[in-house]
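> Got model38.cif for you, mmCIF, C-alpha atoms and all ligand atoms:
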data_query
loop_
_atom_site.label_atom_id
_atom_site.label_comp_id
_atom_site.auth_asym_id
_atom_site.auth_seq_id
_atom_site.Cartn_x
_atom_site.Cartn_y
_atom_site.Cartn_z
CA MET A 1 -3.46 -17.36 22.90
CA VAL A 2 -1.04 -14.87 24.39
CA ARG A 3 1.72 -16.71 26.25
CA ASP A 4 3.37 -13.81 28.01
CA GLN A 5 1.65 -10.45 27.77
CA GLU A 6 4.69 -8.47 28.88
CA THR A 7 7.03 -9.99 26.29
CA LEU A 8 4.38 -9.51 23.62
CA ASN A 9 3.92 -5.87 24.63
CA VAL A 10 7.65 -5.24 24.23
CA LEU A 11 7.58 -6.83 20.76
CA LEU A 12 4.49 -4.85 19.74
CA GLU A 13 5.98 -1.59 20.96
CA THR A 14 9.21 -2.33 19.09
CA VAL A 15 7.39 -3.12 15.84
CA THR A 16 5.08 -0.10 16.18
CA ARG A 17 8.06 2.20 16.70
CA TYR A 18 10.04 0.57 13.91
CA VAL A 19 7.16 0.97 11.44
CA LYS A 20 6.71 4.64 12.35
CA GLU A 21 10.34 5.68 12.59
CA ARG A 22 12.04 3.53 9.94
CA LEU A 23 9.56 2.09 7.44
CA VAL A 24 7.01 4.86 6.90
CA PRO A 25 9.75 7.41 5.96
CA TYR A 26 10.95 5.03 3.23
CA GLU A 27 7.54 4.34 1.66
CA GLU A 28 7.88 6.77 -1.23
CA GLN A 29 11.43 5.78 -2.03
CA VAL A 30 10.47 2.10 -2.15
CA ALA A 31 7.50 2.90 -4.39
CA GLU A 32 9.71 4.88 -6.75
CA THR A 33 12.70 2.55 -6.91
CA ASP A 34 10.77 -0.76 -6.56
CA GLU A 35 13.47 -1.82 -4.06
CA ILE A 36 13.61 -2.12 -0.30
CA PRO A 37 16.99 -0.69 0.82
CA ALA A 38 19.45 -3.35 2.02
CA GLU A 39 19.86 -1.62 5.38
CA LEU A 40 16.15 -2.03 6.11
CA VAL A 41 16.29 -5.71 5.15
CA GLN A 42 19.17 -6.14 7.59
CA GLU A 43 17.27 -4.34 10.35
CA MET A 44 14.23 -6.54 9.81
CA LYS A 45 16.45 -9.61 10.15
CA GLU A 46 17.93 -8.28 13.39
CA LEU A 47 14.46 -7.62 14.78
CA GLY A 48 13.56 -11.28 14.18
CA LEU A 49 10.76 -10.37 11.78
CA PHE A 50 11.60 -13.19 9.35
CA GLY A 51 11.02 -15.80 12.02
CA LEU A 52 7.87 -14.59 13.78
CA ALA A 53 5.89 -17.72 12.97
CA ILE A 54 8.71 -20.26 12.99
CA PRO A 55 8.86 -22.41 16.16
CA GLU A 56 11.43 -21.41 18.77
CA GLU A 57 13.21 -24.77 18.56
CA TYR A 58 14.11 -23.87 14.97
CA GLY A 59 15.30 -20.37 15.77
CA GLY A 60 12.10 -18.38 15.30
CA LEU A 61 10.02 -16.41 17.79
CA GLY A 62 7.35 -19.13 17.67
CA LEU A 63 4.47 -16.69 18.00
CA THR A 64 1.01 -18.12 18.49
CA MET A 65 -1.53 -17.17 15.83
CA GLU A 66 -3.05 -14.56 18.12
CA GLU A 67 0.35 -13.02 18.79
CA GLU A 68 1.22 -13.15 15.08
CA VAL A 69 -1.92 -11.30 14.00
CA MET A 70 -1.29 -8.66 16.64
CA VAL A 71 2.16 -8.07 15.16
CA ALA A 72 0.59 -7.95 11.68
CA PHE A 73 -1.90 -5.34 12.97
CA GLU A 74 1.14 -3.07 13.45
CA LEU A 75 3.39 -4.17 10.61
CA GLY A 76 0.58 -3.66 8.10
CA LYS A 77 0.29 0.05 8.88
CA THR A 78 2.98 0.83 6.32
CA SER A 79 3.46 -0.13 2.66
CA PRO A 80 2.47 -3.78 2.15
CA ALA A 81 5.81 -4.38 0.38
CA PHE A 82 7.64 -4.39 3.72
CA ARG A 83 5.31 -7.01 5.15
CA SER A 84 5.55 -8.98 1.92
CA LEU A 85 9.32 -9.28 2.25
CA ILE A 86 9.04 -11.07 5.59
CA GLY A 87 5.63 -12.54 4.72
CA THR A 88 6.70 -15.61 2.80
CA ASN A 89 9.30 -16.72 5.38
CA ASN A 90 6.66 -16.57 8.10
CA GLY A 91 3.83 -17.77 5.92
CA ILE A 92 3.42 -19.60 2.66
CA GLY A 93 7.17 -19.98 1.96
CA ALA A 94 7.90 -21.78 5.25
CA GLN A 95 4.70 -23.20 6.69
CA GLY A 96 4.65 -26.21 4.36
CA ILE A 97 7.84 -27.33 6.09
CA VAL A 98 6.61 -26.28 9.55
CA ILE A 99 3.31 -28.13 9.19
CA ASP A 100 4.22 -31.22 7.19
CA GLY A 101 8.02 -31.36 6.86
CA THR A 102 10.21 -34.11 8.33
CA GLU A 103 12.40 -33.32 11.34
CA GLU A 104 15.41 -33.31 9.05
CA GLN A 105 13.77 -30.81 6.65
CA LYS A 106 12.75 -28.59 9.55
CA HIS A 107 16.21 -28.63 11.12
CA TYR A 108 17.91 -27.88 7.83
CA TYR A 109 15.70 -25.09 6.44
CA LEU A 110 13.74 -23.43 9.24
CA PRO A 111 16.63 -21.82 11.17
CA LYS A 112 17.87 -20.20 7.96
CA LEU A 113 14.37 -18.97 7.11
CA ALA A 114 13.86 -17.66 10.65
CA ALA A 115 17.11 -15.69 10.50
CA GLY A 116 16.26 -14.28 7.07
CA GLU A 117 19.46 -15.91 5.77
CA ILE A 118 17.35 -17.44 3.03
CA ILE A 119 14.03 -16.38 1.50
CA GLY A 120 11.23 -18.87 0.92
CA ALA A 121 8.55 -18.72 -1.78
CA PHE A 122 5.39 -20.75 -2.43
CA ALA A 123 4.84 -22.04 -5.95
CA LEU A 124 1.26 -23.22 -6.42
CA THR A 125 -0.34 -20.97 -9.05
CA GLU A 126 0.20 -21.72 -12.75
CA PRO A 127 -0.82 -20.00 -15.99
CA ASP A 128 -3.86 -22.32 -16.21
CA ALA A 129 -4.36 -23.16 -12.55
CA GLY A 130 -5.22 -20.18 -10.34
CA SER A 131 -8.41 -20.53 -8.31
CA ASP A 132 -8.67 -24.16 -9.46
CA ALA A 133 -5.39 -25.00 -7.80
CA ALA A 134 -5.98 -28.78 -7.86
CA SER A 135 -5.86 -28.76 -11.67
CA LEU A 136 -2.17 -27.82 -11.73
CA ARG A 137 -0.10 -29.31 -14.53
CA THR A 138 3.47 -29.15 -13.24
CA THR A 139 4.74 -32.71 -13.03
CA ALA A 140 7.30 -34.43 -10.82
CA ARG A 141 8.39 -37.81 -12.17
CA ARG A 142 10.31 -40.14 -9.89
CA ASP A 143 13.65 -41.25 -11.32
CA GLY A 144 15.75 -43.26 -8.88
CA ASP A 145 16.46 -41.13 -5.85
CA GLN A 146 15.39 -37.96 -7.62
CA TYR A 147 12.25 -36.31 -8.97
CA VAL A 148 12.28 -34.56 -12.34
CA ILE A 149 10.09 -31.44 -12.30
CA ASN A 150 8.58 -29.82 -15.41
CA GLY A 151 6.14 -26.90 -15.58
CA THR A 152 5.62 -23.19 -15.04
CA LYS A 153 4.48 -21.38 -11.91
CA ARG A 154 3.05 -17.87 -12.12
CA PHE A 155 2.91 -14.68 -9.96
CA ILE A 156 5.22 -16.22 -7.37
CA THR A 157 5.78 -13.71 -4.56
CA ASN A 158 9.43 -13.11 -3.68
CA ALA A 159 10.57 -15.52 -6.41
CA PRO A 160 13.28 -13.13 -7.64
CA GLU A 161 14.77 -13.09 -4.12
CA ALA A 162 13.95 -16.67 -3.16
CA ASP A 163 16.52 -19.27 -2.14
CA ILE A 164 13.98 -22.07 -1.73
CA PHE A 165 10.58 -22.77 -3.25
CA THR A 166 7.78 -24.94 -1.89
CA VAL A 167 6.59 -26.40 -5.20
CA MET A 168 3.32 -28.23 -5.71
CA ALA A 169 3.64 -30.73 -8.58
CA ARG A 170 1.73 -33.76 -9.83
CA THR A 171 3.48 -37.02 -8.97
CA ASP A 172 0.60 -39.26 -10.07
CA PRO A 173 -0.24 -38.56 -13.72
CA ASN A 174 -3.26 -40.85 -13.46
CA ASN A 175 -4.79 -38.76 -10.69
CA LYS A 176 -5.81 -35.42 -12.20
CA GLY A 177 -7.20 -34.13 -8.89
CA ALA A 178 -5.86 -33.03 -5.55
CA GLY A 179 -4.71 -36.53 -4.56
CA GLY A 180 -2.12 -36.64 -7.35
CA ILE A 181 -0.21 -33.63 -6.03
CA SER A 182 2.94 -33.61 -3.88
CA ALA A 183 4.94 -30.76 -2.35
CA PHE A 184 8.70 -30.34 -2.79
CA ILE A 185 11.41 -28.07 -1.50
CA VAL A 186 13.41 -26.86 -4.50
CA GLU A 187 16.51 -24.76 -4.02
CA ALA A 188 17.18 -21.79 -6.29
CA GLY A 189 20.16 -22.46 -8.51
CA THR A 190 19.13 -26.07 -9.14
CA PRO A 191 19.83 -26.75 -12.85
CA GLY A 192 16.58 -26.59 -14.81
CA LEU A 193 15.03 -23.91 -12.57
CA SER A 194 14.80 -20.45 -14.12
CA LEU A 195 12.87 -17.24 -13.49
CA GLY A 196 10.74 -15.12 -15.82
CA LYS A 197 10.96 -11.35 -15.92
CA ILE A 198 9.66 -9.45 -12.93
CA ASP A 199 5.91 -8.68 -13.25
CA LYS A 200 4.90 -5.03 -13.63
CA LYS A 201 2.23 -4.79 -10.97
CA MET A 202 -0.48 -2.20 -10.29
CA GLY A 203 0.94 -1.56 -6.82
CA GLN A 204 2.99 -3.02 -3.99
CA LYS A 205 6.19 -1.74 -5.57
CA GLY A 206 9.16 -3.20 -3.72
CA ALA A 207 7.49 -6.63 -3.53
CA HIS A 208 8.38 -8.73 -6.52
CA THR A 209 6.65 -11.56 -8.35
CA CYS A 210 7.60 -13.52 -11.46
CA ASP A 211 7.23 -16.86 -13.23
CA VAL A 212 9.26 -19.82 -12.01
CA ILE A 213 10.05 -22.28 -14.79
CA PHE A 214 11.07 -25.91 -14.33
CA GLU A 215 12.67 -27.76 -17.25
CA ASP A 216 13.85 -31.23 -16.31
CA CYS A 217 14.75 -29.84 -12.93
CA ARG A 218 16.15 -32.67 -10.79
CA VAL A 219 15.42 -32.57 -7.09
CA PRO A 220 16.56 -35.11 -4.47
CA ALA A 221 13.70 -37.40 -3.37
CA ALA A 222 14.64 -36.35 0.18
CA ASN A 223 13.13 -32.93 -0.66
CA LEU A 224 9.62 -34.32 -0.94
CA ILE A 225 7.90 -32.57 1.99
CA GLY A 226 7.16 -35.10 4.71
CA HIS A 227 8.56 -37.81 2.41
CA LYS A 228 4.97 -38.51 1.44
CA GLU A 229 3.46 -38.37 -2.05
CA GLY A 230 -0.13 -37.32 -2.76
CA VAL A 231 -0.65 -34.97 0.20
CA GLY A 232 0.86 -31.82 -1.31
CA PHE A 233 -2.50 -30.21 -2.05
CA LYS A 234 -3.59 -30.66 1.56
CA THR A 235 -0.29 -29.16 2.70
CA ALA A 236 -0.97 -26.17 0.44
CA MET A 237 -4.50 -25.74 1.79
CA LYS A 238 -3.32 -25.89 5.41
CA VAL A 239 -0.65 -23.32 4.61
CA LEU A 240 -3.28 -21.08 3.03
CA ASP A 241 -5.65 -21.38 6.01
CA LYS A 242 -2.96 -19.83 8.15
CA GLY A 243 -1.86 -17.39 5.45
CA ARG A 244 -5.40 -16.09 5.01
CA LEU A 245 -5.61 -15.18 8.68
CA HIS A 246 -2.32 -13.32 8.50
CA ILE A 247 -3.40 -11.42 5.37
CA SER A 248 -6.70 -10.54 7.07
CA ALA A 249 -4.72 -8.93 9.90
CA VAL A 250 -2.67 -6.99 7.35
CA CYS A 251 -5.94 -5.79 5.76
CA VAL A 252 -7.10 -4.48 9.14
CA ALA A 253 -3.81 -2.64 9.59
CA ALA A 254 -3.78 -1.08 6.13
CA ALA A 255 -7.39 0.05 6.60
CA GLU A 256 -6.46 1.64 9.93
CA ARG A 257 -3.61 3.50 8.30
CA MET A 258 -5.81 4.81 5.47
CA LEU A 259 -8.58 5.81 7.88
CA ASN A 260 -6.09 7.62 10.08
CA ASP A 261 -4.74 9.49 7.06
CA ALA A 262 -8.30 10.35 5.93
CA LEU A 263 -9.27 11.54 9.42
CA HIS A 264 -6.29 13.88 9.69
CA TYR A 265 -6.83 15.18 6.19
CA ALA A 266 -10.51 15.85 6.97
CA MET A 267 -9.63 17.68 10.18
CA ASN A 268 -7.22 19.99 8.36
CA ARG A 269 -8.90 20.52 5.02
CA LYS A 270 -11.30 23.46 5.09
CA GLN A 271 -14.24 23.97 2.75
CA PHE A 272 -17.34 26.13 3.19
CA GLY A 273 -15.52 27.86 6.02
CA LYS A 274 -14.78 24.86 8.26
CA PRO A 275 -12.88 21.56 8.39
CA ILE A 276 -14.59 18.99 6.20
CA ALA A 277 -14.51 16.56 9.19
CA GLU A 278 -17.40 18.61 10.57
CA PHE A 279 -19.65 17.69 7.66
CA GLN A 280 -21.91 14.74 8.30
CA LEU A 281 -21.43 13.13 4.89
CA ILE A 282 -17.68 12.97 5.57
CA GLN A 283 -18.34 11.73 9.09
CA ALA A 284 -20.46 8.91 7.70
CA MET A 285 -17.52 7.66 5.63
CA LEU A 286 -15.18 7.87 8.60
CA ALA A 287 -17.65 6.18 10.95
CA ASP A 288 -18.53 3.34 8.57
CA SER A 289 -14.83 2.66 8.10
CA LYS A 290 -14.17 2.65 11.84
CA ALA A 291 -17.03 0.23 12.51
CA GLU A 292 -15.97 -2.15 9.74
CA ILE A 293 -12.34 -2.15 10.86
CA TYR A 294 -13.48 -2.93 14.42
CA ALA A 295 -15.55 -5.85 13.15
CA ALA A 296 -12.72 -7.25 11.03
CA ARG A 297 -10.19 -6.89 13.82
CA ASN A 298 -12.34 -8.88 16.20
CA MET A 299 -13.08 -11.55 13.60
CA VAL A 300 -9.36 -12.01 13.04
CA LEU A 301 -8.59 -12.20 16.77
CA ASP A 302 -11.39 -14.70 17.33
CA ALA A 303 -10.29 -16.96 14.45
CA ALA A 304 -6.65 -16.73 15.58
CA ARG A 305 -7.59 -17.78 19.12
CA ARG A 306 -9.60 -20.71 17.76
CA ARG A 307 -6.63 -21.84 15.70
CA ASP A 308 -4.42 -21.62 18.80
CA GLN A 309 -6.93 -23.93 20.53
CA GLY A 310 -6.25 -26.50 17.82
CA LYS A 311 -9.59 -26.01 16.08
CA ASP A 312 -10.08 -26.32 12.32
CA VAL A 313 -10.45 -22.73 11.16
CA GLY A 314 -10.85 -23.26 7.42
CA THR A 315 -14.26 -21.58 7.42
CA GLU A 316 -13.27 -18.80 9.82
CA ALA A 317 -10.05 -18.05 7.92
CA SER A 318 -12.05 -17.67 4.72
CA CYS A 319 -14.66 -15.51 6.51
CA CYS A 320 -11.87 -13.26 7.77
CA LYS A 321 -10.11 -13.03 4.41
CA LEU A 322 -13.38 -12.29 2.60
CA PHE A 323 -14.61 -9.67 5.04
CA ALA A 324 -11.29 -8.01 5.90
CA SER A 325 -10.03 -7.69 2.32
CA GLU A 326 -13.37 -6.38 1.00
CA MET A 327 -13.59 -4.03 3.98
CA CYS A 328 -10.08 -2.79 3.22
CA GLY A 329 -11.13 -2.07 -0.36
CA ARG A 330 -14.15 -0.06 0.83
CA VAL A 331 -12.01 1.89 3.31
CA ALA A 332 -9.46 2.61 0.56
CA ASP A 333 -12.22 3.92 -1.66
CA ARG A 334 -13.66 6.15 1.07
CA ALA A 335 -10.19 7.38 2.06
CA VAL A 336 -9.59 8.54 -1.51
CA GLN A 337 -13.05 10.14 -1.55
CA VAL A 338 -12.41 12.06 1.67
CA HIS A 339 -9.17 13.36 0.14
CA GLY A 340 -11.08 14.51 -2.98
CA GLY A 341 -8.81 15.55 -5.85
CA SER A 342 -5.79 15.18 -3.56
CA GLY A 343 -6.61 11.49 -3.16
CA TYR A 344 -6.07 10.94 -6.86
CA VAL A 345 -2.55 12.33 -6.97
CA SER A 346 0.54 10.73 -5.58
CA ASP A 347 1.39 13.56 -3.15
CA TYR A 348 -0.72 11.71 -0.61
CA SER A 349 -0.01 8.11 0.38
CA VAL A 350 -3.68 7.19 0.07
CA GLU A 351 -3.35 7.03 -3.73
CA ARG A 352 -0.57 4.45 -3.40
CA PHE A 353 -2.39 2.47 -0.70
CA TYR A 354 -5.52 2.36 -2.88
CA ARG A 355 -3.51 0.50 -5.52
CA ASP A 356 -1.52 -1.58 -3.02
CA VAL A 357 -4.53 -2.99 -1.17
CA ARG A 358 -6.35 -4.06 -4.33
CA LEU A 359 -4.26 -7.22 -4.26
CA PHE A 360 -5.68 -8.31 -0.90
CA ARG A 361 -8.96 -9.30 -2.56
CA ILE A 362 -7.10 -11.47 -5.04
CA TYR A 363 -4.09 -13.29 -3.64
CA GLU A 364 -4.12 -16.25 -1.25
CA GLY A 365 -7.57 -16.98 -2.69
CA THR A 366 -9.94 -14.47 -4.30
CA SER A 367 -13.05 -13.24 -2.48
CA GLN A 368 -15.06 -15.60 -4.65
CA ILE A 369 -12.94 -18.59 -3.57
CA GLN A 370 -13.45 -17.61 0.07
CA GLN A 371 -17.22 -17.52 -0.52
CA LEU A 372 -17.04 -20.93 -2.13
CA VAL A 373 -15.03 -22.42 0.77
CA ILE A 374 -17.41 -20.95 3.37
CA ALA A 375 -20.57 -22.17 1.62
CA ARG A 376 -19.13 -25.61 0.90
CA ASN A 377 -18.12 -26.09 4.51
CA MET A 378 -21.60 -25.01 5.62
CA ILE A 379 -23.24 -27.53 3.33
CA ARG A 380 -20.86 -30.32 4.40
CA ALA A 381 -21.52 -29.60 8.08
CA ALA A 382 -25.28 -29.60 7.50
CA GLU A 383 -25.05 -32.91 5.66
CA GLY A 384 -23.28 -34.31 8.73
N1 LIG B 401 -7.09 -28.18 5.05
C1 LIG B 401 -6.80 -29.48 4.86
N2 LIG B 401 -7.24 -30.20 3.80
C2 LIG B 401 -8.02 -29.55 2.92
C3 LIG B 401 -8.37 -28.20 3.04
C4 LIG B 401 -7.87 -27.50 4.18
N3 LIG B 401 -8.16 -26.21 4.38
N4 LIG B 401 -9.13 -27.83 2.01
C5 LIG B 401 -9.28 -28.91 1.24
N5 LIG B 401 -8.61 -29.96 1.79
C6 LIG B 401 -8.54 -31.33 1.30
C7 LIG B 401 -9.94 -31.89 1.16
O1 LIG B 401 -10.37 -32.44 2.38
C8 LIG B 401 -9.77 -32.92 0.08
O2 LIG B 401 -9.23 -34.09 0.64
P1 LIG B 401 -9.91 -35.54 0.38
O3 LIG B 401 -9.80 -35.73 -1.10
O4 LIG B 401 -9.06 -36.48 1.17
O5 LIG B 401 -11.31 -35.42 0.85
C9 LIG B 401 -8.71 -32.30 -0.81
O6 LIG B 401 -8.01 -31.36 -0.02
C10 LIG B 401 -9.30 -31.63 -2.02
O7 LIG B 401 -10.20 -30.64 -1.56
P2 LIG B 401 -11.41 -30.10 -2.42
O8 LIG B 401 -12.14 -31.27 -3.01
O9 LIG B 401 -12.17 -29.12 -1.61
O10 LIG B 401 -10.60 -29.35 -3.61
P3 LIG B 401 -11.18 -28.51 -4.82
O11 LIG B 401 -10.24 -28.70 -5.94
O12 LIG B 401 -12.60 -28.81 -5.06
O13 LIG B 401 -11.19 -26.98 -4.36
C11 LIG B 401 -10.36 -24.89 -3.48
C12 LIG B 401 -10.40 -26.42 -3.43
C13 LIG B 401 -11.15 -24.25 -4.57
C14 LIG B 401 -10.86 -24.40 -2.15
C15 LIG B 401 -8.85 -24.62 -3.64
O14 LIG B 401 -8.43 -25.02 -4.92
C16 LIG B 401 -8.43 -23.21 -3.39
O15 LIG B 401 -8.28 -22.78 -2.23
N6 LIG B 401 -8.21 -22.45 -4.47
C17 LIG B 401 -7.61 -21.14 -4.37
C18 LIG B 401 -6.14 -21.29 -4.44
C19 LIG B 401 -5.49 -20.08 -3.89
O16 LIG B 401 -5.78 -19.60 -2.81
N7 LIG B 401 -4.53 -19.58 -4.63
C20 LIG B 401 -3.84 -18.42 -4.23
C21 LIG B 401 -2.48 -18.45 -4.74
S1 LIG B 401 -1.41 -19.24 -3.68
S2 LIG B 401 -0.72 -17.70 -2.68
#
I need this file expressed as structure tokens, please.

Amino acid sequence: MVRDQETLNVLLETVTRYVKERLVPYEEQVAETDEIPAELVQEMKELGLFGLAIPEEYGGLGLTMEEEVMVAFELGKTSPAFRSLIGTNNGIGAQGIVIDGTEEQKHYYLPKLAAGEIIGAFALTEPDAGSDAASLRTTARRDGDQYVINGTKRFITNAPEADIFTVMARTDPNNKGAGGISAFIVEAGTPGLSLGKIDKKMGQKGAHTCDVIFEDCRVPAANLIGHKEGVGFKTAMKVLDKGRLHISAVCVAAAERMLNDALHYAMNRKQFGKPIAEFQLIQAMLADSKAEIYAARNMVLDAARRRDQGKDVGTEASCCKLFASEMCGRVADRAVQVHGGSGYVSDYSVERFYRDVRLFRIYEGTSQIQQLVIARNMIRAAEG
């Protein structure tokens, strides 16, 4: 749902220009230094990018899902690290509070997240609980008006920068499944919370992940999201449904960027006496990529509109994440192929994007988990 086309157009034009004029020129520097310059972080705050998906009453732009994916279609045309910086505040690091938080929790945390004053992170994954998220082992034991958290979370995006964590932990030791899990807001700096060393990733330099370790970390009971035990897994799944749509839009954008780079390379690179873009085998790679991007883009828009209508989009979000991330991987592969030897060296951004986009098929649920969700939902629907 687009609420006001004119306002949205202004935002989209601003983001498109900002990506082209400010972010793209910094891509190589960010990849080399593994840091996003502070001035860019400040500019992104001023543009409101940290609060795109936070309701207006809490200081965000309150974009609908359709509007949000359209912004992601532009923001994703540069290094994914830039999107990742603002990604958790709009997505997994804030939506637990937006969707299931109490009014008090929303009023306290959301305005700060929307302004980019604080960074939020989402702590679900553990060393032994990745795809099987419901098997997580981190515990939260009630002790008076506090909970005592123990456990380790792994690959937590933006953890080194985070000021608050949405932490999924088991409050009912007798319930080993999803129903024993609760979600908490834990502030960085709380005694007993420490960070591991920053992970050395294949790509997405400038976006940081690390372990988050809880050792008798005491959290006020008031920080239990929604003040309700046993629903933390559902909160996490609802957060991921939305997150998967956003990531799908980012996949579309990254694929468009790579295809655009490949097209221009093919139009300039001459072999056998003419630009390689004139050869049909090159054209096939460009055309297949264009068609697949078009399909993914429309899937994402359709699913976003359905979510805006209040529909359950669990299946559609997984369809989008599966198709768009796999599509992005195929486009990355073809873009390198079109570049030939030049695609394998770092003089061209396609080499970096090839590594960056590999993560899309893994995080916020692997392709295999998306397949599992889709098929399960089909079977459940057929069973009535
Ligand atoms: N929205 C709301 N509730 C949901 C839900 C959703 N999208 N998906 C599941 N639930 C609910 C179920 O309805 C069920 O509730 P009841 O017990 O009341 O019926 C509960 O949550 C448990 O669901 P389910 O039985 O399907 O859980 P499983 O452990 O079998 O599997 C999968 C769930 C595999 C889908 C889940 O663990 C998953 O998404 N794994 C991937 C995790 C992931 O994406 N990690 C990425 C890192 S975080 S960035």
> For ligand LIG 401 (chain B), return the neighbouring residues as a PyMOL selection string (distance at most 9 Å; all atoms listed in the file).
chain A and resi 92+122-125+129-135+155-157+177-179+231-241+243-244+312-315+362-366+369-370+372-373+376
> Between atom CA of A:His246 and atom CA of A:Val69, what distance in Å does the model show, to one decimal?
5.9 Å
> Could you pull the residues within 9 Å of A:Ser79, counting all atoms listed in the file, minus those fewer than 3 positions along the same chain, as a PyMOL selection string?
chain A and resi 23-24+27+30-31+75-76+82-83+204-205+254+352-353+356
> So which residues touch stretch 325-331 of chain A within 9 Å, counting all atoms listed in the file, skipping near sequence neighbours fewer than 2 positions away, as a PyMOL selection string?
chain A and resi 247-248+250-256+258-259+285-286+288-290+292-293+296+320-323+333-336+354+357-362+367
> Please list, as a VMD selection string, the residues that have an atom at most 10 Å away from (5.1, -24.8, 11.0) in the coordinates of this file, counting only C-alpha atoms.
chain A and resid 53 to 55 58 62 90 to 92 94 to 101 106 110 239 242
> Neighbours of A:Glu215 within 12 Å (all atoms listed in the file; same-chain residues fewer than 2 positions away dropped), as a JSON list (two decimals) with C-alpha atoms, in the coordinates of the input?

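Output file around18.json follows:
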[["chain", "number", "residue", "atom", "x", "y", "z"],
["A", 138, "THR", "CA", 3.47, -29.15, -13.24],
["A", 139, "THR", "CA", 4.74, -32.71, -13.03],
["A", 140, "ALA", "CA", 7.30, -34.43, -10.82],
["A", 147, "TYR", "CA", 12.25, -36.31, -8.97],
["A", 148, "VAL", "CA", 12.28, -34.56, -12.34],
["A", 149, "ILE", "CA", 10.09, -31.44, -12.30],
["A", 150, "ASN", "CA", 8.58, -29.82, -15.41],
["A", 151, "GLY", "CA", 6.14, -26.90, -15.58],
["A", 152, "THR", "CA", 5.62, -23.19, -15.04],
["A", 153, "LYS", "CA", 4.48, -21.38, -11.91],
["A", 190, "THR", "CA", 19.13, -26.07, -9.14],
["A", 191, "PRO", "CA", 19.83, -26.75, -12.85],
["A", 192, "GLY", "CA", 16.58, -26.59, -14.81],
["A", 193, "LEU", "CA", 15.03, -23.91, -12.57],
["A", 194, "SER", "CA", 14.80, -20.45, -14.12],
["A", 195, "LEU", "CA", 12.87, -17.24, -13.49],
["A", 212, "VAL", "CA", 9.26, -19.82, -12.01],
["A", 213, "ILE", "CA", 10.05, -22.28, -14.79],
["A", 217, "CYS", "CA", 14.75, -29.84, -12.93],
["A", 218, "ARG", "CA", 16.15, -32.67, -10.79],
["A", 219, "VAL", "CA", 15.42, -32.57, -7.09]]
> Work out how far apart atom CA of A:Gln309 and atom CA of A:Leu85 are and give it in Å to one decimal.
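These atoms are spaced 28.5 Å apart.
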> For A:Arg269, which residue out of A:Val10, A:Leu61, A:Ile282, A:Met378 is the nearest one, using only C-alpha atoms?
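Closest candidate: A:Ile282.
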> Figure out the distance between atom CA of A:Asn260 and atom CA of A:Asp34, please, to one decimal in Å.
25.1 Å
> Skip A:Asn9 itself and residues of its chain fewer than 4 positions away, then list as an MDAnalysis selection string all residues within 12 Å of it, counting all atoms listed in the file.
chainID A and resid 2:5 13:16 67 70:71 74
> Using only C-alpha atoms, which of the listed residues (A:Val19, A:Leu49, A:Ala262, A:Leu136) sits closest to A:Thr78?
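Using only C-alpha atoms, the shortest distance to A:Thr78 belongs to A:Val19.
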> Would you please work out which residue, of A:Gly206, A:Lys201, A:Ala183, A:Glu316, is nearest to A:Asn223 when using all atoms listed in the file?
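With all atoms listed in the file as the atom set, the closest residue is A:Ala183.
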> Give as a ChimeraX atom specification every residue, naming chains and numbers as the document does, that has an atom within 8 Å of (6.1, -35.9, 5.0), counting all atoms listed in the file.
/A:100-102,224-229
> Rank nothing, just name the residue among A:Ala277, A:Gln271, A:Glu66, A:Tyr265 nearest to A:Ser342, using all atoms listed in the file.
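Closest to A:Ser342 of all the choices is A:Tyr265.
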> Write out as a PyMOL selection string the residues lying within 9 Å of A:Glu46, counting all atoms listed in the file and excluding same-chain residues fewer than 5 positions away.
chain A and resi 41+115-116
> May I ask which of the residues A:Asn175, A:Gln368, A:Arg257, A:Val186 is the closest one to A:Lys20, counting only C-alpha atoms?
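Using only C-alpha atoms, the shortest distance to A:Lys20 belongs to A:Arg257.
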